[in-house]
file my_file.tsv (TSV, C-alpha atoms)
chain	number	residue	atom	x	y	z
A	1	MET	CA	88.28	104.67	31.85
A	2	LEU	CA	91.64	105.91	33.10
A	3	ILE	CA	92.34	109.59	32.78
A	4	PRO	CA	96.02	110.20	33.42
A	5	LEU	CA	96.82	113.78	34.30
A	6	GLY	CA	100.60	113.69	34.25
A	7	ILE	CA	100.60	114.96	30.70
A	8	LEU	CA	97.28	116.73	30.45
A	9	ALA	CA	97.59	118.78	33.60
A	10	ALA	CA	100.11	121.45	34.36
A	11	SER	CA	100.90	120.82	38.01
A	12	GLY	CA	100.04	123.82	40.12
A	13	ALA	CA	99.13	125.57	36.91
A	14	GLY	CA	98.86	129.30	36.89
A	15	PRO	CA	95.42	130.89	37.03
A	16	VAL	CA	93.29	130.79	33.95
A	17	GLY	CA	90.77	133.47	34.89
A	18	GLY	CA	90.19	136.26	37.40
A	19	ASP	CA	86.59	135.85	38.47
A	20	TYR	CA	87.30	133.69	41.52
A	21	GLU	CA	90.38	134.82	43.42
A	22	LEU	CA	92.14	133.84	46.61
A	23	ILE	CA	92.31	136.85	48.93
A	24	SER	CA	94.11	135.29	51.85
A	25	THR	CA	94.59	132.13	53.92
A	26	THR	CA	95.06	131.85	57.63
A	27	LEU	CA	96.71	128.59	58.71
A	28	ILE	CA	96.61	128.23	62.47
A	29	SER	CA	100.09	127.46	63.80
A	30	SER	CA	99.31	127.87	67.52
A	31	PRO	CA	95.96	127.80	69.36
A	32	ALA	CA	93.87	130.81	68.46
A	33	SER	CA	90.52	131.98	69.73
A	34	SER	CA	89.43	133.48	66.43
A	35	VAL	CA	90.32	134.35	62.87
A	36	THR	CA	89.61	137.75	61.33
A	37	PHE	CA	89.60	138.80	57.70
A	38	ASN	CA	89.66	142.45	56.76
A	39	VAL	CA	88.00	142.84	53.39
A	40	SER	CA	87.12	146.52	53.11
A	41	SER	CA	89.70	147.09	50.38
A	42	PHE	CA	88.03	144.54	48.11
A	43	ALA	CA	84.58	146.09	47.81
A	44	ALA	CA	85.33	147.42	44.35
A	45	ASN	CA	86.70	144.10	43.13
A	46	TYR	CA	84.14	141.50	44.14
A	47	ARG	CA	80.46	140.96	44.64
A	48	HIS	CA	80.48	137.80	46.77
A	49	LEU	CA	82.89	136.13	49.14
A	50	GLN	CA	83.53	132.47	49.82
A	51	ILE	CA	85.29	130.99	52.83
A	52	ARG	CA	86.64	127.46	52.67
A	53	TYR	CA	87.82	125.94	55.91
A	54	THR	CA	88.99	122.91	57.80
A	55	ALA	CA	88.69	123.34	61.54
A	56	ARG	CA	89.37	121.57	64.79
A	57	THR	CA	89.12	123.03	68.30
A	58	ASP	CA	90.28	122.05	71.74
A	59	HIS	CA	86.71	121.86	73.02
A	60	ALA	CA	85.87	118.57	74.72
A	61	LEU	CA	82.98	117.67	72.41
A	62	SER	CA	83.57	115.74	69.19
A	63	SER	CA	81.71	118.33	67.16
A	64	ASN	CA	80.96	121.92	67.92
A	65	ASN	CA	79.96	125.09	66.16
A	66	LEU	CA	81.78	128.02	64.66
A	67	GLY	CA	80.37	131.50	65.03
A	68	ILE	CA	80.65	134.45	62.66
A	69	ARG	CA	80.43	138.18	63.16
A	70	PHE	CA	80.66	141.02	60.69
A	71	ASN	CA	82.21	144.43	61.25
A	72	GLY	CA	82.69	143.64	64.93
A	73	ASP	CA	78.93	143.70	65.45
A	74	MET	CA	78.18	141.99	68.77
A	75	GLY	CA	74.55	143.04	68.90
A	76	SER	CA	71.59	140.70	68.58
A	77	ASN	CA	71.55	141.14	64.84
A	78	TYR	CA	72.00	137.58	63.61
A	79	ALA	CA	69.52	134.83	62.82
A	80	TYR	CA	70.04	131.37	61.40
A	81	LEU	CA	68.26	128.32	60.02
A	82	ALA	CA	69.83	124.87	59.94
A	83	LEU	CA	69.05	121.46	58.46
A	84	GLU	CA	71.27	118.92	60.13
A	85	ALA	CA	72.00	115.22	60.30
A	86	GLY	CA	73.69	113.68	63.27
A	87	TYR	CA	75.16	110.28	64.02
A	88	SER	CA	71.92	109.31	65.74
A	89	GLY	CA	70.26	109.48	62.37
A	90	SER	CA	67.86	112.27	63.15
A	91	SER	CA	67.20	115.24	60.95
A	92	VAL	CA	66.89	118.49	62.79
A	93	VAL	CA	65.63	121.80	61.59
A	94	SER	CA	66.46	124.55	63.99
A	95	GLY	CA	66.86	128.25	64.13
A	96	GLY	CA	64.81	131.37	64.16
A	97	GLN	CA	66.02	133.04	67.29
A	98	THR	CA	68.06	136.24	67.23
A	99	LEU	CA	71.65	135.84	68.39
A	100	ASP	CA	74.74	137.99	68.89
A	101	LYS	CA	76.64	136.06	66.24
A	102	GLY	CA	75.79	133.77	63.38
A	103	LEU	CA	75.87	130.00	63.83
A	104	LEU	CA	78.18	129.43	60.90
A	105	GLY	CA	79.16	125.79	60.62
A	106	VAL	CA	80.64	122.71	62.22
A	107	SER	CA	84.11	122.20	63.67
A	108	ALA	CA	85.68	119.04	65.07
A	109	GLY	CA	86.53	118.97	68.76
A	110	SER	CA	89.24	117.34	70.83
A	111	ALA	CA	87.22	114.15	71.34
A	112	THR	CA	87.24	113.53	67.61
A	113	THR	CA	89.64	110.96	66.20
A	114	ALA	CA	93.12	112.39	65.76
A	115	ASN	CA	93.88	114.02	62.39
A	116	VAL	CA	90.20	114.67	61.71
A	117	PHE	CA	89.19	118.22	60.90
A	118	ALA	CA	85.67	119.27	60.03
A	119	GLY	CA	85.29	121.13	56.79
A	120	GLY	CA	83.05	123.79	55.39
A	121	VAL	CA	82.28	125.92	52.37
A	122	VAL	CA	80.66	129.26	53.16
A	123	ASP	CA	79.17	131.71	50.66
A	124	ILE	CA	78.55	135.33	51.63
A	125	LEU	CA	76.32	136.83	48.99
A	126	ASP	CA	76.36	140.51	47.99
A	127	ALA	CA	78.91	141.06	50.74
A	128	PHE	CA	79.55	144.69	49.89
A	129	SER	CA	76.00	145.80	49.17
A	130	ALA	CA	74.86	148.91	51.01
A	131	SER	CA	71.19	148.16	50.48
A	132	LYS	CA	70.80	144.51	51.49
A	133	ASN	CA	70.94	142.59	54.71
A	134	LYS	CA	73.67	140.00	54.39
A	135	THR	CA	72.92	136.35	53.66
A	136	VAL	CA	75.35	133.54	54.36
A	137	ARG	CA	74.96	129.93	53.33
A	138	SER	CA	77.18	127.12	54.51
A	139	LEU	CA	77.67	123.41	54.00
A	140	SER	CA	79.81	121.87	56.69
A	141	GLY	CA	80.34	118.64	58.45
A	142	ASN	CA	82.41	116.31	60.52
A	143	ARG	CA	82.20	112.60	59.91
A	144	SER	CA	84.06	110.87	62.68
A	145	ASN	CA	83.05	109.33	65.97
A	146	ASP	CA	80.47	112.09	66.38
A	147	SER	CA	79.11	113.06	63.03
A	148	VAL	CA	77.28	116.14	61.94
A	149	LEU	CA	76.27	117.35	58.50
A	150	SER	CA	74.89	120.85	58.55
A	151	ILE	CA	73.30	123.04	55.91
A	152	ARG	CA	72.83	126.51	57.30
A	153	ARG	CA	71.68	129.99	56.45
A	154	VAL	CA	72.79	132.98	58.49
A	155	LEU	CA	71.24	136.42	58.24
A	156	TRP	CA	73.09	139.48	59.43
A	157	MET	CA	70.46	142.17	59.79
A	158	SER	CA	72.56	145.05	58.57
A	159	THR	CA	72.83	146.80	55.23
A	160	ALA	CA	76.40	147.93	55.96
A	161	PRO	CA	79.02	146.71	53.50
A	162	ILE	CA	81.13	144.03	55.12
A	163	ASN	CA	84.58	145.26	56.04
A	164	SER	CA	85.62	142.56	58.50
A	165	ILE	CA	84.69	138.94	59.20
A	166	THR	CA	85.53	137.23	62.50
A	167	ILE	CA	85.15	133.49	62.98
A	168	ASP	CA	85.47	131.87	66.37
A	169	ASN	CA	84.35	128.79	68.21
A	170	TRP	CA	80.85	129.03	69.63
A	171	MET	CA	81.92	127.38	72.88
A	172	ALA	CA	84.73	129.83	73.63
A	173	SER	CA	87.55	127.38	73.00
A	174	ASN	CA	90.53	127.62	70.65
A	175	LEU	CA	91.11	126.65	67.07
A	176	VAL	CA	94.04	124.25	67.05
A	177	THR	CA	97.14	123.99	64.90
A	178	GLY	CA	96.34	122.87	61.38
A	179	SER	CA	92.99	124.60	61.15
A	180	ARG	CA	92.77	126.56	57.93
A	181	PHE	CA	90.54	129.38	56.73
A	182	SER	CA	90.80	130.70	53.18
A	183	ILE	CA	88.74	133.56	51.79
A	184	TYR	CA	88.01	134.11	48.11
A	185	GLY	CA	86.47	136.96	46.16
A	186	ILE	CA	83.95	136.28	43.42
A	187	LYS	CA	83.14	138.84	40.77
A	188	GLY	CA	79.60	139.50	39.70
B	1	MET	CA	97.20	142.67	49.38
B	2	THR	CA	97.80	140.64	46.24
B	3	THR	CA	95.00	138.34	45.18
B	4	LEU	CA	95.47	135.15	43.20
B	5	PRO	CA	93.05	133.96	40.55
B	6	THR	CA	92.29	130.31	41.10
B	7	TYR	CA	89.61	127.63	40.60
B	8	ASP	CA	91.57	126.07	37.77
B	9	LEU	CA	90.19	123.42	35.46
B	10	ILE	CA	92.48	120.42	35.80
B	11	SER	CA	90.68	117.89	33.67
B	12	THR	CA	87.38	117.21	31.99
B	13	VAL	CA	85.98	114.14	30.32
B	14	THR	CA	82.80	113.12	28.55
B	15	LEU	CA	82.24	109.40	28.22
B	16	ALA	CA	81.85	108.22	24.66
B	17	ALA	CA	80.75	104.79	25.87
B	18	SER	CA	79.55	103.28	29.13
B	19	THR	CA	82.27	102.17	31.50
B	20	PRO	CA	82.45	100.35	34.85
B	21	SER	CA	84.58	103.11	36.37
B	22	VAL	CA	86.22	106.48	35.83
B	23	VAL	CA	89.67	106.93	37.31
B	24	ILE	CA	91.20	110.40	37.45
B	25	SER	CA	94.86	109.88	38.25
B	26	GLY	CA	98.02	111.94	38.51
B	27	ILE	CA	96.21	114.80	40.22
B	28	PRO	CA	98.68	117.67	40.66
B	29	GLN	CA	99.52	118.46	44.27
B	30	GLY	CA	99.87	122.20	43.93
B	31	TYR	CA	96.34	123.03	45.08
B	32	ARG	CA	94.66	122.90	48.49
B	33	ASP	CA	91.11	121.84	47.65
B	34	LEU	CA	89.54	119.99	44.75
B	35	VAL	CA	86.06	120.38	43.29
B	36	LEU	CA	84.58	117.67	41.09
B	37	VAL	CA	81.50	118.58	39.05
B	38	SER	CA	79.53	115.89	37.28
B	39	THR	CA	76.46	115.27	35.23
B	40	ASN	CA	76.03	111.54	35.02
B	41	SER	CA	73.69	108.64	34.59
B	42	MET	CA	73.93	104.93	35.24
B	43	THR	CA	73.15	102.11	32.84
B	44	ALA	CA	70.79	100.84	35.58
B	45	THR	CA	69.93	102.39	38.96
B	46	ASP	CA	73.03	102.05	41.08
B	47	SER	CA	75.01	104.29	43.42
B	48	LEU	CA	77.97	106.12	41.86
B	49	PHE	CA	80.51	106.08	44.66
B	50	VAL	CA	83.46	108.42	45.21
B	51	ARG	CA	86.72	106.86	46.47
B	52	PHE	CA	90.38	107.85	46.48
B	53	ASN	CA	93.80	106.44	45.60
B	54	ASN	CA	92.37	103.10	44.47
B	55	ASN	CA	91.54	102.43	48.10
B	56	THR	CA	88.29	100.70	49.05
B	57	THR	CA	88.49	101.02	52.85
B	58	GLY	CA	88.24	103.76	55.46
B	59	TYR	CA	85.17	105.58	54.15
B	60	THR	CA	82.42	106.92	56.40
B	61	ALA	CA	79.66	109.39	55.67
B	62	VAL	CA	76.54	110.94	57.11
B	63	ARG	CA	73.86	112.16	54.78
B	64	ILE	CA	70.57	113.99	54.47
B	65	PHE	CA	68.38	112.91	51.63
B	66	GLN	CA	64.92	113.49	50.29
B	67	SER	CA	63.27	111.32	47.73
B	68	GLY	CA	59.88	110.77	46.25
B	69	GLY	CA	59.21	114.14	44.71
B	70	ASN	CA	57.13	116.80	46.40
B	71	ASN	CA	55.97	114.55	49.22
B	72	GLY	CA	59.41	113.34	50.24
B	73	THR	CA	60.44	113.83	53.84
B	74	PRO	CA	64.09	114.55	54.65
B	75	VAL	CA	65.79	111.57	56.22
B	76	SER	CA	69.27	111.27	57.59
B	77	ASP	CA	71.45	108.24	58.06
B	78	THR	CA	75.01	107.01	57.67
B	79	TYR	CA	75.80	105.64	54.23
B	80	ALA	CA	79.26	105.21	52.75
B	81	PRO	CA	81.06	105.81	50.56
B	82	ALA	CA	79.44	109.08	49.54
B	83	GLU	CA	77.78	109.06	46.14
B	84	ILE	CA	77.06	111.54	43.35
B	85	GLY	CA	74.52	109.72	41.26
B	86	TYR	CA	72.03	106.91	41.13
B	87	ASN	CA	69.40	107.24	38.42
B	88	THR	CA	69.61	106.28	34.78
B	89	THR	CA	69.15	109.88	33.66
B	90	ALA	CA	70.45	113.33	34.56
B	91	ASN	CA	72.12	113.08	37.97
B	92	MET	CA	73.99	116.30	38.82
B	93	GLY	CA	76.60	116.30	41.56
B	94	ILE	CA	79.39	118.37	43.11
B	95	VAL	CA	82.14	117.09	45.39
B	96	ASN	CA	84.27	119.43	47.51
B	97	ILE	CA	87.45	117.73	48.74
B	98	MET	CA	89.16	119.76	51.46
B	99	ASP	CA	92.92	119.77	52.09
B	100	TYR	CA	93.38	116.90	49.63
B	101	SER	CA	97.14	117.39	49.36
B	102	VAL	CA	97.79	117.63	53.10
B	103	THR	CA	99.47	114.58	54.61
B	104	ASN	CA	98.61	114.99	58.31
B	105	LYS	CA	94.83	115.06	58.03
B	106	HIS	CA	92.13	112.55	57.28
B	107	LYS	CA	90.30	113.70	54.19
B	108	THR	CA	87.02	115.54	54.74
B	109	TYR	CA	84.79	115.98	51.74
B	110	PHE	CA	81.23	116.94	50.87
B	111	THR	CA	79.02	115.75	48.09
B	112	ARG	CA	75.66	116.98	47.01
B	113	TRP	CA	73.70	115.64	44.14
B	114	GLY	CA	70.20	115.58	42.81
B	115	ASN	CA	67.92	114.27	40.14
B	116	ALA	CA	64.52	115.54	39.09
B	117	ASN	CA	63.69	112.62	36.78
B	118	GLY	CA	62.02	109.37	37.70
B	119	THR	CA	62.50	108.73	41.40
B	120	LYS	CA	63.58	112.18	42.45
B	121	TYR	CA	66.45	112.66	44.88
B	122	VAL	CA	68.30	115.39	46.69
B	123	GLN	CA	71.24	114.22	48.83
B	124	PHE	CA	73.94	115.91	50.87
B	125	TYR	CA	76.89	114.09	52.41
B	126	ALA	CA	79.61	114.95	54.90
B	127	ALA	CA	82.23	112.27	54.45
B	128	CYS	CA	85.62	111.24	55.68
B	129	TRP	CA	88.32	109.04	54.22
B	130	ALA	CA	90.33	107.94	57.26
B	131	ASN	CA	93.69	108.23	55.55
B	132	THR	CA	96.41	110.89	55.70
B	133	GLU	CA	97.70	110.17	52.19
B	134	ALA	CA	97.58	113.03	49.72
B	135	ILE	CA	94.92	112.28	47.16
B	136	HIS	CA	96.44	111.58	43.77
B	137	THR	CA	93.57	109.58	42.27
B	138	ILE	CA	89.79	109.83	42.33
B	139	ASN	CA	87.90	106.61	41.66
B	140	LEU	CA	84.27	106.83	40.53
B	141	SER	CA	82.37	103.59	40.18
B	142	PRO	CA	78.94	102.05	40.74
B	143	SER	CA	78.46	98.82	42.65
B	144	ILE	CA	77.37	96.57	39.81
B	145	HIS	CA	76.35	98.47	36.72
B	146	GLN	CA	78.13	101.04	34.59
B	147	ILE	CA	78.45	104.77	34.18
B	148	ALA	CA	76.55	105.63	31.02
B	149	ALA	CA	77.83	107.25	27.86
B	150	GLY	CA	77.45	111.01	27.89
B	151	SER	CA	78.37	111.35	31.58
B	152	THR	CA	80.75	114.24	32.25
B	153	PHE	CA	83.29	114.87	34.97
B	154	ALA	CA	85.25	118.10	35.48
B	155	LEU	CA	87.94	118.46	38.12
B	156	TYR	CA	89.01	121.86	39.45
B	157	GLY	CA	91.85	122.84	41.76
B	158	ILE	CA	91.70	125.70	44.27
B	159	VAL	CA	94.82	127.16	45.82
B	160	ALA	CA	94.87	128.47	49.37
call {"tool": "encode", "arguments": {"input": "my_file.tsv", "output": "structure tokens"}}
result
Amino acid sequence: MLIPLGILAASGAGPVGGDYELISTTLISSPASSVTFNVSSFAANYRHLQIRYTARTDHALSSNNLGIRFNGDMGSNYAYLALEAGYSGSSVVSGGQTLDKGLLGVSAGSATTANVFAGGVVDILDAFSASKNKTVRSLSGNRSNDSVLSIRRVLWMSTAPINSITIDNWMASNLVTGSRFSIYGIKG
Amino acid sequence: MTTLPTYDLISTVTLAASTPSVVISGIPQGYRDLVLVSTNSMTATDSLFVRFNNNTTGYTAVRIFQSGGNNGTPVSDTYAPAEIGYNTTANMGIVNIMDYSVTNKHKTYFTRWGNANGTKYVQFYAACWANTEAIHTINLSPSIHQIAAGSTFALYGIVA
């Protein structure tokens, strides 16, 4: 069944509702060590946040990890749990230890085939709550010469409302041109 | 800072009769990501594959899946193209297609689907279509059998 959209769809149509809104997008145009979103002004507007990304770094591995911190917190206040599949075919469940940033999701590295960027969808639930530790869930992956699919949960052990989010590469390398991070607010 | 409502419904369809494929064409290029949401069933057990631009090559995927109900053990392997259904009743799947309109990236996408009837499944895929073309068409088709009547597909666009 063919469903042509040239007539049915309004190309780039205007928004039809205000419950899921783009806050901002950062498109990397030169190598950058991190991306930061300041979200304190949106506490009254949204309940949850979502980050959608495509990422590639200049690290030598084909796949590596992105890290996340909230409110500039560099203390050992993060924990994570991951269910992962790798090219070797093994399933791995890891996590539990306390870290100084959250193990957010997968990025592609410089050894990955050209033009390949890992992708991820990250949900930050009750981001502005002043009574809950913050829970993050992510689905990310890179399917190229070194493949990883990762389903992760990150816990930030703080009840402070989130006012800033910083994402960087776990291995202290740079995000390369073309990497993209978009953050959305979700009402609730 | 000005925010922009998004997550726009582009198209939705409910099949009145079984069909060997669903083709969603003429996808507008004004968004950054696409999300396809589906409830579907097959006329006989068969993988419902996701492909793009009428192209049958260049697909790779890694997946985690669990089957067999409560005693299933998660297994991972490579299996392509990614799929969003298999059983003859009540498969539910979501596909996130990242940077679909960008013409200097291979297309990275994720699917997750599940079914709690019959042989129960939960599957997650990270997939790649090794092609820098902007996606203008989504092709959904099983290998041999058909997509059953009553199956639904809704396509959303997200700006960035």
call {"tool": "residues_around", "arguments": {"input": "my_file.tsv", "residues": "Ala160 of chain A", "least_positions_apart": "6", "cutoff": "12 Å", "atoms": "only C-alpha atoms", "output": "list in words"}}
result
Ser40, Ala43, Phe70, Asn71, Gly72, Asp73, Asp126, Ala127, Phe128, Ser129, Ala130, Ser131, Lys132, Asn133 and Lys134 of chain A
call {"tool": "write_last_selection", "arguments": {"input": "my_file.tsv", "atoms": "C-alpha atoms", "output": "short mmCIF file (atom, residue, chain, number, x, y, z; two decimals), in the frame of the given file"}}
result
data_model
loop_
_atom_site.label_atom_id
_atom_site.label_comp_id
_atom_site.auth_asym_id
_atom_site.auth_seq_id
_atom_site.Cartn_x
_atom_site.Cartn_y
_atom_site.Cartn_z
CA SER A 40 87.12 146.52 53.11
CA ALA A 43 84.58 146.09 47.81
CA PHE A 70 80.66 141.02 60.69
CA ASN A 71 82.21 144.43 61.25
CA GLY A 72 82.69 143.64 64.93
CA ASP A 73 78.93 143.70 65.45
CA ASP A 126 76.36 140.51 47.99
CA ALA A 127 78.91 141.06 50.74
CA PHE A 128 79.55 144.69 49.89
CA SER A 129 76.00 145.80 49.17
CA ALA A 130 74.86 148.91 51.01
CA SER A 131 71.19 148.16 50.48
CA LYS A 132 70.80 144.51 51.49
CA ASN A 133 70.94 142.59 54.71
CA LYS A 134 73.67 140.00 54.39
#
call {"tool": "residues_near_point", "arguments": {"input": "my_file.tsv", "point": "(99.6, 126.7, 62.6)", "cutoff": "10 Å", "atoms": "only C-alpha atoms", "output": "PyMOL selection string"}}
result
chain A and resi 26-32+175-180
call {"tool": "write_last_selection", "arguments": {"input": "my_file.tsv", "atoms": "C-alpha atoms", "output": "mmCIF file, in the frame of the given file"}}
result
data_model
loop_
_atom_site.group_PDB
_atom_site.id
_atom_site.type_symbol
_atom_site.label_atom_id
_atom_site.label_comp_id
_atom_site.auth_asym_id
_atom_site.auth_seq_id
_atom_site.Cartn_x
_atom_site.Cartn_y
_atom_site.Cartn_z
ATOM 1 C CA THR A 26 95.060 131.850 57.630
ATOM 2 C CA LEU A 27 96.710 128.590 58.710
ATOM 3 C CA ILE A 28 96.610 128.230 62.470
ATOM 4 C CA SER A 29 100.090 127.460 63.800
ATOM 5 C CA SER A 30 99.310 127.870 67.520
ATOM 6 C CA PRO A 31 95.960 127.800 69.360
ATOM 7 C CA ALA A 32 93.870 130.810 68.460
ATOM 8 C CA LEU A 175 91.110 126.650 67.070
ATOM 9 C CA VAL A 176 94.040 124.250 67.050
ATOM 10 C CA THR A 177 97.140 123.990 64.900
ATOM 11 C CA GLY A 178 96.340 122.870 61.380
ATOM 12 C CA SER A 179 92.990 124.600 61.150
ATOM 13 C CA ARG A 180 92.770 126.560 57.930
#
call {"tool": "closest_atom_pairs", "arguments": {"input": "my_file.tsv", "of": "chain B", "to": "chain A", "cutoff": "6 Å", "atoms": "all atoms listed in the file", "output": "CSV"}}
result
residue,atom,partner,partner_atom,distance
B:Thr3,CA,A:Ile23,CA,4.8
B:Leu4,CA,A:Leu22,CA,4.9
B:Pro5,CA,A:Glu21,CA,4.0
B:Thr6,CA,A:Pro15,CA,5.2
B:Ile10,CA,A:Ala9,CA,5.8
B:Val22,CA,A:Met1,CA,4.8
B:Val23,CA,A:Leu2,CA,4.8
B:Ile24,CA,A:Ile3,CA,4.9
B:Ser25,CA,A:Pro4,CA,5.0
B:Gly26,CA,A:Leu5,CA,4.7
B:Pro28,CA,A:Ser11,CA,4.7
B:Gly30,CA,A:Gly12,CA,4.1
B:Ala61,CA,A:Arg143,CA,5.9
B:Ser76,CA,A:Gly89,CA,5.2
B:Asp77,CA,A:Gly89,CA,4.6
B:Lys105,CA,A:Asn115,CA,4.6
B:His106,CA,A:Val116,CA,5.3
B:Ala126,CA,A:Gly141,CA,5.2
B:Ala127,CA,A:Arg143,CA,5.5
B:Cys128,CA,A:Arg143,CA,5.6
B:Ala160,CA,A:Thr25,CA,5.8
call {"tool": "axis_aligned_box", "arguments": {"input": "my_file.tsv", "around": "segment 119-133 of chain B", "padding_each_side": "8 Å", "output": "lines of an AutoDock Vina configuration file"}}
result
center_x = 80.1
center_y = 111.9
center_z = 49.3
size_x = 51.2
size_y = 24.0
size_z = 31.9
call {"tool": "closest_residue", "arguments": {"input": "my_file.tsv", "among": "B:Ser38, B:Thr19, B:Ser151, B:Thr132", "to": "Phe52 of chain B", "atoms": "only C-alpha atoms"}}
result
B:Thr132
call {"tool": "residues_near_point", "arguments": {"input": "my_file.tsv", "point": "(83.1, 144.1, 63.7)", "cutoff": "12 Å", "atoms": "all atoms listed in the file", "output": "count of residues only"}}
result
26
call {"tool": "residues_around", "arguments": {"input": "my_file.tsv", "residues": "Ala17 of chain B", "least_positions_apart": "4", "cutoff": "12 Å", "atoms": "only C-alpha atoms", "output": "JSON, numbers by chain"}}
result
{"A": [1], "B": [13, 21, 22, 41, 42, 43, 146, 147, 148, 149, 150, 151, 152]}
